[in-house]
Amino acid sequence: MADLTTNFLGIKSPNPFWLASAPPTDKEYNVRRAYEAGWGGVVWKTLGSEGPPVVNVSGPRYGAIWGADRRLLGLNNIELITDRSLQTNLEEITRVKKDYPDRALIVSIMVPCDEESWKAILPLVEATGADGIELNFGCPHGMAERGMGSAVGQVPEYIQMVTEWCKKYYSKPVIVKLTPNITDIRNPARAAKAGGADAVSLINTINSITSVDLDLMAPQPTIGGKGTHGGYCGPAVKPIAMNMVAEIARDPQTYGMPISGIGGVTTWRDAAEFMVLGAGNVQVCTAAMTYGFKVVQEMISGLSEWMDEKGYTSTSDFIGKAVPNVTDWQYLDLNYVTKAHINQDDCIKCGRCYIACEDTSHQAILMKEGRVFEVDDSECVACNLCVNVCPVEDCISMVPMAKGQVDPRTERPVGDYANWTTHPNNPSARAAE
């Protein structure tokens with residue numbers, strides 16, 4: 001069988017599945033249960049300084065977005081960092097690490113943006129024996145208003161400065177957790193690297209309001225008649241997270257920097273996708289909160305079976321394998337042509353492809369007698385909408401045309417256009433003709 005053992009920053013864990021810093025990692029009881037269920041590592045919920053205690057709301061802390069089948073697609077939270085004392089957390093971390101030396105244990109930290117605050121907490125965390133720290137520069141609510149979390153993560157200069165402090169006062173790996181609430185994720189990643197960070201993790205939660213109570217006229221979750229923005233996570237954020245991971249993985253200034261991928265990882269396939277885009281491991285939160293800790297067992301078995309099928313003996317065999325194929329739009333092959341094809345044996349005659357194409361796309365699907373739907377190649381631009389709206393998996397597929405075949409839409413051979421200037425999809429080229 002494939003070996004799922006991972007070595008991230010010299011920190012070994014039996015598999016690449018770590019629990020992200022969040023409610024599931026808030027105390028010893030939960031973390032022990034997680035390790036027993038099979039999780040390879042844990043990032044302990046964010047610790048604060050020994051100052052005034054953190055007080056969380058006692059009303060609802062979560063809002064949600066569901067699919068038509070009530071499946072949880074996105075979770076919004078307004079919870080703050082740990083509200084348990086620093087000393088209690090440190091004692092629990094020490095015990096857990098001693099009892100589970102083969103599992104990764106990272107401590108998330110968020111303290112005020114001054115050198116003395118970091119200098120004070122770092123030796124205390126190092127004394128626990130934890131494998132490393134994660135700097136929480138991503139929390140978008142509550143703490144940001146106090147000059148921490150994403151308030152730091154949105155300013156590259158602050159990221160570099162705090163990272164330098166941590167490397168100065170802490171001897172083990174330093175991971176910088178990045179906020180997605182920024183225009184270009186590469187800038188904070190570059191700042192983390194300039195500050196000496198050993199790795200980055202991303203994404204933290206996205207600033208959001210998931211719903212509004214139309215009776216109370218307030219965002220949900222509602223606390224005493226009022227609501228606030230929170231942090232959005234879950235399957236819905238996965239595409240955003242993967243893009244940001246890929247941007248860092250292929251950026252010449254951060255190329256080769258270890259990445260811990262976070263954002264909507266629910267299945268082994270999600271994890272594999274993050275890893276081929278450059279993540280050395282993945283962190284999970286919402287899936288564990290939705291399905292419980294044992295969800296990791298399906299992730300482990302699924303990834304192992306896939307690796308066996310592909311002939312991969314270790315995770316290092318495929319980490320970053322897709323990065324060379326991530327490019328900018330201008331470098332896509334404009335000579336590549338496909339056409340939609342409907343498998344009549346699988347078609348249930350629902351007509352969703354037809355109405356979507358007829359109303360909103362290119363009128364390339366014909367409805368014939370007996371509700372038989374066929375593609376008109378001369379109008380099909382291969383937009384793929386029909387594939388995405390079809391309720392039957394693989395009923396509609398995009399079939400590549402061989403170079404030299406005549407494209408019915410343009411009556412020119414496929415591959416007959418050397419560049420965008422002469423391509424028939426270019427409005428200027430069409431006008432010239």
# chains A, B, ... in the order shown; residues from 1 in each chain; ligands from 1
call {"tool": "select_by_dssp", "arguments": {"residues": "region 340-414 of chain A", "states": "strand (DSSP E)", "output": "PyMOL selection string"}}
result
chain A and resi 340-342+365-368+372-375+396-400+406-407+412-413
call {"tool": "write_last_selection", "arguments": {"atoms": "C-alpha atoms", "output": "PDB file, in the first residue's frame"}}
result
ATOM      1  CA  ALA A 340     -20.247  18.865 -26.873  1.00  0.00           C
ATOM      2  CA  HIS A 341     -21.616  15.352 -27.372  1.00  0.00           C
ATOM      3  CA  ILE A 342     -24.789  13.951 -25.777  1.00  0.00           C
ATOM      4  CA  ILE A 365     -28.587  22.252 -28.804  1.00  0.00           C
ATOM      5  CA  LEU A 366     -31.559  21.165 -30.907  1.00  0.00           C
ATOM      6  CA  MET A 367     -34.712  19.530 -29.555  1.00  0.00           C
ATOM      7  CA  LYS A 368     -36.037  17.025 -32.052  1.00  0.00           C
ATOM      8  CA  VAL A 372     -34.280  13.982 -28.434  1.00  0.00           C
ATOM      9  CA  PHE A 373     -31.539  16.538 -27.828  1.00  0.00           C
ATOM     10  CA  GLU A 374     -28.621  16.861 -30.210  1.00  0.00           C
ATOM     11  CA  VAL A 375     -25.720  19.284 -30.522  1.00  0.00           C
ATOM     12  CA  ILE A 396     -22.645  15.071 -21.947  1.00  0.00           C
ATOM     13  CA  SER A 397     -18.947  15.242 -22.721  1.00  0.00           C
ATOM     14  CA  MET A 398     -16.640  17.594 -24.542  1.00  0.00           C
ATOM     15  CA  VAL A 399     -14.972  15.759 -27.446  1.00  0.00           C
ATOM     16  CA  PRO A 400     -11.672  17.189 -28.752  1.00  0.00           C
ATOM     17  CA  VAL A 406     -12.905  21.309 -40.164  1.00  0.00           C
ATOM     18  CA  ASP A 407     -14.575  23.341 -37.446  1.00  0.00           C
ATOM     19  CA  ARG A 412     -11.666  26.329 -41.198  1.00  0.00           C
ATOM     20  CA  PRO A 413      -9.374  23.498 -40.126  1.00  0.00           C
TER      21      PRO A 413
END
call {"tool": "select_by_dssp", "arguments": {"residues": "region 72-315 of chain A", "states": "helix (DSSP H, G or I)", "output": "number ranges by chain"}}
result
A: 86-99, 115-126, 144-146, 150-153, 156-169, 186-194, 235-250, 268-276, 286-291, 295-310, 315
call {"tool": "residues_around", "arguments": {"residues": "Val296 (chain A)", "least_positions_apart": "4", "cutoff": "8 Å", "atoms": "only C-alpha atoms", "output": "ChimeraX atom specification"}}
result
/A:17,37-39,288,300
call {"tool": "closest_residue", "arguments": {"among": "A:Ser260, A:Asn187, A:Thr128, A:Thr179", "to": "Ile206 (chain A)", "atoms": "only C-alpha atoms"}}
result
A:Thr179
call {"tool": "atom_distance", "arguments": {"atom1": "CA of Ala34 (chain A)", "atom2": "CA of Leu19 (chain A)"}}
result
8.2 Å
call {"tool": "atom_distance", "arguments": {"atom1": "CA of Gly10 (chain A)", "atom2": "CA of Asp198 (chain A)"}}
result
10.4 Å
call {"tool": "closest_residue", "arguments": {"among": "A:Lys12, A:Lys45, A:Arg70, A:Arg186", "to": "Arg103 (chain A)", "atoms": "only C-alpha atoms"}}
result
A:Lys12
call {"tool": "residues_around", "arguments": {"residues": "Gly74 (chain A)", "least_positions_apart": "4", "cutoff": "8 Å", "atoms": "only C-alpha atoms", "output": "list of chain:residue names"}}
result
A:Ala64, A:Ile65, A:Trp66, A:Tyr232, A:Cys233, A:Gly234, A:Pro235, A:Ala236, A:Val237
call {"tool": "residues_around", "arguments": {"residues": "Lys97 (chain A)", "least_positions_apart": "4", "cutoff": "7 Å", "atoms": "only C-alpha atoms", "output": "tab-separated table (two decimals) with C-alpha atoms, in the first residue's frame"}}
result
chain	number	residue	atom	x	y	z
A	93	ILE	CA	-0.68	20.94	24.92
A	101	PRO	CA	4.83	11.94	19.93
A	105	LEU	CA	1.01	19.34	16.99
A	129	GLY	CA	7.26	20.52	23.19
A	130	ALA	CA	4.88	21.35	20.34
call {"tool": "closest_residue", "arguments": {"among": "A:Ser21, A:Gln220, A:Ser117, A:Thr290", "to": "Thr82 (chain A)", "atoms": "only C-alpha atoms"}}
result
A:Ser21
call {"tool": "closest_residue", "arguments": {"among": "A:Ser316, A:Gln297, A:Gln87, A:Ser361", "to": "Gly280 (chain A)", "atoms": "only C-alpha atoms"}}
result
A:Ser316
call {"tool": "residues_around", "arguments": {"residues": "region 111-116 of chain A", "least_positions_apart": "3", "cutoff": "6 Å", "atoms": "only C-alpha atoms", "output": "list in words"}}
result
Gly48, Ser49 and Lys119 of chain A
call {"tool": "write_last_selection", "arguments": {"atoms": "N, CA and C atoms", "output": "CSV table (one decimal), in the first residue's frame"}}
result
chain,number,residue,atom,x,y,z
A,48,GLY,N,-4.1,33.3,22.9
A,48,GLY,CA,-3.8,34.8,23.0
A,48,GLY,C,-2.9,35.0,24.2
A,49,SER,N,-2.6,36.3,24.5
A,49,SER,CA,-1.7,36.6,25.6
A,49,SER,C,-2.4,36.5,26.9
A,119,LYS,N,7.5,38.2,22.2
A,119,LYS,CA,8.7,37.7,23.0
A,119,LYS,C,8.3,37.0,24.3
call {"tool": "closest_residue", "arguments": {"among": "A:Asn7, A:Glu305, A:Val200, A:Gly230", "to": "Gly261 (chain A)", "atoms": "only C-alpha atoms"}}
result
A:Val200
call {"tool": "residues_around", "arguments": {"residues": "Ile175 (chain A)", "least_positions_apart": "3", "cutoff": "7 Å", "atoms": "only C-alpha atoms", "output": "compact mmCIF listing (two decimals) with C-alpha atoms, in the first residue's frame"}}
result
# COMPACT_ATOMS: atom_id res chain seq x y z
CA ILE A 133 3.69 27.51 15.60
CA GLU A 134 1.19 29.01 13.18
CA LEU A 135 0.78 32.78 13.19
CA ALA A 197 8.80 31.97 7.59
CA ASP A 198 9.29 28.25 7.13
CA ALA A 199 5.90 27.84 5.43
CA VAL A 200 2.56 29.48 4.78
CA SER A 201 -0.89 28.06 5.37
call {"tool": "atom_distance", "arguments": {"atom1": "CA of Thr266 (chain A)", "atom2": "CA of Tyr291 (chain A)"}}
result
9.5 Å
